[in-house]
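These notes concern the structure reproduced below.
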Amino acid sequence: DAGKSGYDHYMLKEIYEQPQAIRKCLRERVNEMEGTITVDDLADLESSGPVQFVACGTSYHAALYGAQLLRERGIPAQCFLASEYDVDSIPVSEETLVVGVTQSGETADTMSALRGANRVGATTVALTNVVGSSAARECDHAMYIRAGPEIGVAATKTFASQQVALALFSSVISGECSQAFVEALRDLPDQVQSVLDNSTAREVAQTYEDADAYFFIGRGYNAPVALEGALKMKEITYKHAEGFAAGELKHGPLALVTDRTPVFAMVSDDGTAAKTLGNVKEVEARDAPVVAVTDSRETVDQYADFVLEVPETHPVLMPILANIQLQLVSYWIANRLGRSIDKPRNLAKSVTVE
Ligand code: G6P
């Protein structure tokens, strides 16, 4: 228990370590004076072709975000579940840059995908937390996310560090970096701290711990966070949870929405808010409680039963802040239900079988 530093669970400790983890990920990589980003880990990397991400679980959600970042910067990028990479006919060649996003660097499915990419002569990169891991050793390049050891089976701080590392990675690969982005990265650790200090997630957990199921919706950069919010909820509360790109709600999941299924909606003031609010109104009309996670309280106030606020930041970084609120909601529901939070049933920290 000494390792928990007074927290009841490693997971909560690791949630609270996120400001520090992000600071470490950024250290000596972001130059505020010059408005530049450099990653020494990638100094020898040359890439001008398409990028493919392979990953599993939470790392897959980070990888989805990484692919979005690259596409926005004009680089063709796709994201694959590592376990599907060799069963699907994926066009990978010597021109392709294949990035394995894996906290442990040992996940069997991800390693198998990376080895397949190595065999065809693609350039491979491991984006990992563990120096000397299989992924770091076997890939051509390794970029470290520097989150520090994570004990809780459910990934928390490593996800935040992966998101930040991918934001840096996308700048390095595209050569695009604005002063506004650099400043937003500089401010991010303090903003994460302010979310941790001011969150009312515990109240949300108390109100909805008995719900039948939980749904998570988000658009654009917030869509991967919707998936991650649902995964975290399933992993540690054992309750039914699903995440969707907000627009998909009406194509099926809406049939499951009742007054006993809270819907967590990520609403970002980045041009996607109006459409996401449309989806919020759809669930409200079915009497579902709405919890909005937002950087724009005035936009959602009248539609939401609860508002979990995050500070305003660069639109690309908002999902990192939103996810902290979702981690806290899941943690506090699992805590109230007395679950085995650090070691959920049937799950392992690192899965070394395919
Ligand atoms: C396991 C863990 C997940 C993790 C996934 C991928 O399933 O329980 O939390 O996201 O493996 O792990 P990796 O080490 O490759 O990021």
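Following the order of the structure tokens, chains are lettered A, B, ..., residues in each are numbered from 1, and ligands are numbered from 1.
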
Write as a PyMOL selection string the residues around ligand 1, taking 10 Å as the cut-off and counting only C-alpha atoms and all ligand atoms. chain A and resi 54-62+82+100-111+127-130+135+152-156+158-159+162+228+231-232+235+343-344+346-352

For Ser93 in chain A: contacts at 10 Å, only C-alpha atoms, fewer than 4 positions along chain excluded, given as JSON, numbers by chain: {"A": [49, 50, 97, 98, 117, 118, 119, 120, 121, 122, 123]}

Atoms kept (N, CA and C atoms) for selection, written as a compact mmCIF listing (two decimals), in the first residue's frame:
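New file again_23.txt:
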# COMPACT_ATOMS: atom_id res chain seq x y z
N GLY A 49 5.73 9.05 -46.58
CA GLY A 49 4.62 8.23 -47.09
C GLY A 49 3.44 8.23 -46.14
N PRO A 50 2.49 7.35 -46.41
CA PRO A 50 1.32 7.25 -45.53
C PRO A 50 1.69 6.65 -44.17
N LEU A 97 4.85 4.21 -43.03
CA LEU A 97 5.35 4.36 -41.66
C LEU A 97 4.31 3.71 -40.74
N VAL A 98 4.71 2.66 -40.03
CA VAL A 98 3.76 1.96 -39.17
C VAL A 98 4.12 2.25 -37.70
N ALA A 117 4.77 -5.69 -40.34
CA ALA A 117 5.19 -4.47 -41.04
C ALA A 117 6.70 -4.49 -41.27
N ASN A 118 7.44 -4.95 -40.27
CA ASN A 118 8.89 -5.06 -40.44
C ASN A 118 9.23 -6.00 -41.60
N ARG A 119 8.48 -7.10 -41.70
CA ARG A 119 8.78 -8.10 -42.75
C ARG A 119 8.66 -7.53 -44.15
N VAL A 120 7.71 -6.61 -44.36
CA VAL A 120 7.56 -6.05 -45.72
C VAL A 120 8.45 -4.81 -45.92
N GLY A 121 9.23 -4.50 -44.92
CA GLY A 121 10.19 -3.40 -45.09
C GLY A 121 9.64 -2.02 -44.78
N ALA A 122 8.46 -1.96 -44.13
CA ALA A 122 7.93 -0.65 -43.71
C ALA A 122 8.85 -0.09 -42.62
N THR A 123 8.82 1.21 -42.43
CA THR A 123 9.53 1.82 -41.30
C THR A 123 8.61 1.73 -40.09

DSSP-assigned alpha helix (DSSP H) among range 276-306 of chain A, expressed as an mmCIF file with C-alpha atoms, in the first residue's frame:
data_model
loop_
_atom_site.group_PDB
_atom_site.id
_atom_site.type_symbol
_atom_site.label_atom_id
_atom_site.label_comp_id
_atom_site.auth_asym_id
_atom_site.auth_seq_id
_atom_site.Cartn_x
_atom_site.Cartn_y
_atom_site.Cartn_z
ATOM 1 C CA THR A 276 -23.552 17.388 -31.090
ATOM 2 C CA LEU A 277 -26.214 19.466 -29.355
ATOM 3 C CA GLY A 278 -28.661 18.093 -31.922
ATOM 4 C CA ASN A 279 -27.761 14.609 -30.681
ATOM 5 C CA VAL A 280 -28.123 15.739 -27.082
ATOM 6 C CA LYS A 281 -31.660 16.939 -27.831
ATOM 7 C CA GLU A 282 -32.469 13.529 -29.330
ATOM 8 C CA VAL A 283 -31.566 11.731 -26.117
ATOM 9 C CA GLU A 284 -33.232 14.351 -23.962
ATOM 10 C CA ARG A 297 -20.873 25.896 -20.330
ATOM 11 C CA GLU A 298 -23.223 28.503 -21.774
ATOM 12 C CA THR A 299 -23.702 26.381 -24.918
ATOM 13 C CA VAL A 300 -24.942 23.331 -23.025
#

Among range 113-354 of chain A, which ones does DSSP place in strand (DSSP E or B), written as a JSON list (two decimals) with N, CA and C atoms, in the first residue's frame?
[["chain", "number", "residue", "atom", "x", "y", "z"],
["A", 123, "THR", "N", 8.82, 1.21, -42.43],
["A", 123, "THR", "CA", 9.53, 1.82, -41.30],
["A", 123, "THR", "C", 8.61, 1.73, -40.09],
["A", 124, "THR", "N", 9.14, 1.25, -38.97],
["A", 124, "THR", "CA", 8.28, 1.07, -37.80],
["A", 124, "THR", "C", 8.73, 1.96, -36.63],
["A", 125, "VAL", "N", 7.72, 2.43, -35.91],
["A", 125, "VAL", "CA", 7.96, 3.26, -34.72],
["A", 125, "VAL", "C", 7.17, 2.66, -33.56],
["A", 126, "ALA", "N", 7.80, 2.52, -32.41],
["A", 126, "ALA", "CA", 7.08, 2.13, -31.19],
["A", 126, "ALA", "C", 6.82, 3.39, -30.39],
["A", 127, "LEU", "N", 5.56, 3.66, -30.09],
["A", 127, "LEU", "CA", 5.23, 4.78, -29.19],
["A", 127, "LEU", "C", 4.88, 4.12, -27.86],
["A", 128, "THR", "N", 5.81, 4.13, -26.94],
["A", 128, "THR", "CA", 5.67, 3.26, -25.76],
["A", 128, "THR", "C", 6.14, 3.94, -24.49],
["A", 141, "HIS", "N", 12.38, 2.71, -34.73],
["A", 141, "HIS", "CA", 12.48, 3.90, -33.86],
["A", 141, "HIS", "C", 11.56, 3.70, -32.66],
["A", 142, "ALA", "N", 11.91, 4.34, -31.55],
["A", 142, "ALA", "CA", 11.03, 4.30, -30.37],
["A", 142, "ALA", "C", 10.86, 5.72, -29.85],
["A", 143, "MET", "N", 9.61, 6.12, -29.67],
["A", 143, "MET", "CA", 9.35, 7.41, -29.01],
["A", 143, "MET", "C", 8.72, 7.10, -27.65],
["A", 144, "TYR", "N", 9.33, 7.63, -26.60],
["A", 144, "TYR", "CA", 8.86, 7.31, -25.25],
["A", 144, "TYR", "C", 7.85, 8.35, -24.77],
["A", 213, "ALA", "N", -27.23, 1.56, -17.90],
["A", 213, "ALA", "CA", -26.13, 1.58, -18.87],
["A", 213, "ALA", "C", -25.70, 3.03, -19.04],
["A", 214, "TYR", "N", -24.53, 3.20, -19.63],
["A", 214, "TYR", "CA", -23.99, 4.55, -19.85],
["A", 214, "TYR", "C", -23.59, 4.68, -21.31],
["A", 215, "PHE", "N", -23.94, 5.79, -21.92],
["A", 215, "PHE", "CA", -23.52, 6.04, -23.30],
["A", 215, "PHE", "C", -22.63, 7.28, -23.36],
["A", 216, "PHE", "N", -21.71, 7.24, -24.28],
["A", 216, "PHE", "CA", -20.74, 8.33, -24.43],
["A", 216, "PHE", "C", -20.73, 8.76, -25.89],
["A", 217, "ILE", "N", -20.89, 10.06, -26.12],
["A", 217, "ILE", "CA", -20.85, 10.53, -27.51],
["A", 217, "ILE", "C", -19.91, 11.73, -27.66],
["A", 218, "GLY", "N", -19.26, 11.78, -28.82],
["A", 218, "GLY", "CA", -18.37, 12.91, -29.12],
["A", 218, "GLY", "C", -18.11, 12.93, -30.62],
["A", 240, "HIS", "N", -22.71, -1.93, -18.22],
["A", 240, "HIS", "CA", -22.80, -1.78, -19.66],
["A", 240, "HIS", "C", -22.54, -0.33, -20.06],
["A", 241, "ALA", "N", -21.62, -0.15, -20.97],
["A", 241, "ALA", "CA", -21.30, 1.20, -21.44],
["A", 241, "ALA", "C", -20.90, 1.11, -22.91],
["A", 242, "GLU", "N", -21.31, 2.10, -23.68],
["A", 242, "GLU", "CA", -20.92, 2.13, -25.10],
["A", 242, "GLU", "C", -20.58, 3.55, -25.51],
["A", 243, "GLY", "N", -19.60, 3.66, -26.37],
["A", 243, "GLY", "CA", -19.21, 4.96, -26.88],
["A", 243, "GLY", "C", -19.43, 5.02, -28.38],
["A", 244, "PHE", "N", -19.82, 6.17, -28.88],
["A", 244, "PHE", "CA", -20.10, 6.34, -30.31],
["A", 244, "PHE", "C", -19.62, 7.70, -30.79],
["A", 245, "ALA", "N", -19.27, 7.75, -32.08],
["A", 245, "ALA", "CA", -19.21, 9.05, -32.73],
["A", 245, "ALA", "C", -20.64, 9.58, -32.68],
["A", 263, "VAL", "N", -26.37, 9.81, -20.65],
["A", 263, "VAL", "CA", -25.56, 10.00, -21.84],
["A", 263, "VAL", "C", -24.52, 11.08, -21.54],
["A", 264, "PHE", "N", -23.27, 10.72, -21.69],
["A", 264, "PHE", "CA", -22.17, 11.68, -21.51],
["A", 264, "PHE", "C", -21.83, 12.25, -22.87],
["A", 265, "ALA", "N", -22.00, 13.56, -23.01],
["A", 265, "ALA", "CA", -21.77, 14.19, -24.31],
["A", 265, "ALA", "C", -20.60, 15.15, -24.21],
["A", 266, "MET", "N", -19.59, 14.92, -25.03],
["A", 266, "MET", "CA", -18.47, 15.86, -25.10],
["A", 266, "MET", "C", -18.86, 16.96, -26.09],
["A", 267, "VAL", "N", -18.98, 18.18, -25.61],
["A", 267, "VAL", "CA", -19.39, 19.29, -26.46],
["A", 267, "VAL", "C", -18.28, 20.33, -26.46],
["A", 290, "VAL", "N", -28.54, 13.83, -19.14],
["A", 290, "VAL", "CA", -27.40, 14.26, -19.96],
["A", 290, "VAL", "C", -26.31, 14.85, -19.07],
["A", 291, "VAL", "N", -25.11, 14.33, -19.23],
["A", 291, "VAL", "CA", -23.95, 14.92, -18.56],
["A", 291, "VAL", "C", -23.07, 15.49, -19.66],
["A", 292, "ALA", "N", -22.93, 16.80, -19.68],
["A", 292, "ALA", "CA", -22.11, 17.43, -20.72],
["A", 292, "ALA", "C", -20.71, 17.64, -20.19],
["A", 293, "VAL", "N", -19.74, 17.28, -20.99],
["A", 293, "VAL", "CA", -18.34, 17.57, -20.67],
["A", 293, "VAL", "C", -17.93, 18.62, -21.69],
["A", 294, "THR", "N", -17.62, 19.82, -21.22],
["A", 294, "THR", "CA", -17.55, 20.93, -22.18],
["A", 294, "THR", "C", -16.57, 22.03, -21.78],
["A", 306, "PHE", "N", -26.10, 17.67, -15.72],
["A", 306, "PHE", "CA", -24.83, 18.01, -15.07],
["A", 306, "PHE", "C", -23.88, 18.56, -16.12],
["A", 307, "VAL", "N", -23.06, 19.50, -15.70],
["A", 307, "VAL", "CA", -22.00, 19.99, -16.60],
["A", 307, "VAL", "C", -20.66, 19.75, -15.93],
["A", 308, "LEU", "N", -19.79, 19.01, -16.61],
["A", 308, "LEU", "CA", -18.41, 18.84, -16.14],
["A", 308, "LEU", "C", -17.54, 19.72, -17.03],
["A", 309, "GLU", "N", -17.04, 20.78, -16.43],
["A", 309, "GLU", "CA", -16.34, 21.79, -17.24],
["A", 309, "GLU", "C", -14.86, 21.48, -17.40]]

Report the closest atom pair, with its distance in Å rounded to one decimal, for each residue of range 263-339 of chain A that has an atom no farther than 12 Å from range 171-180 of chain A; count only C-alpha atoms, sort by chain and then rising residue number, and write it as a tab-separated table.
residue	atom	partner	partner_atom	distance
A:Thr313	CA	A:Ala180	CA	9.6
A:His314	CA	A:Ala180	CA	7.5
A:Pro315	CA	A:Ala180	CA	10.8
A:Val316	CA	A:Ala180	CA	11.2
A:Leu317	CA	A:Ala180	CA	11.6

Counting only C-alpha atoms, the residue among A:Gly247, A:Val329, A:Arg137, A:Tyr85 that lies closest to Ser112 in chain A is A:Tyr85

Select, from A:Ala205, A:Val353, A:Leu196, A:Ala230, the residue with the minimum atom-to-atom distance to Asn335 in chain A, counting only C-alpha atoms. A:Ala205

So, counting only C-alpha atoms, which residue among A:Cys25, A:Ala226, A:Leu168, A:Ala67 is closest to Leu249 in chain A? A:Ala226

If we count only C-alpha atoms and set the cut-off at 9 Å, which residues sit around Gln191 in chain A, ignoring sequence neighbours fewer than 4 positions away in its own chain? Please answer as a list in words. Pro19, Asp187, Val195, Leu196, Val310, Pro311, Glu312, Thr313 and Leu321 of chain A

Measuring between only C-alpha atoms, which one of A:Ala201, A:Val30, A:Ile236, A:Ala255 shows the shortest distance to Asp342 in chain A?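 Smallest separation from Asp342 in chain A among the options: A:Ile236.
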
Counting only C-alpha atoms, the residue of A:Gly116, A:Pro262, A:Gly148, A:Gly220 that sits nearest Tyr208 in chain A: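 Distance minimum relative to Tyr208 in chain A lands on A:Pro262.
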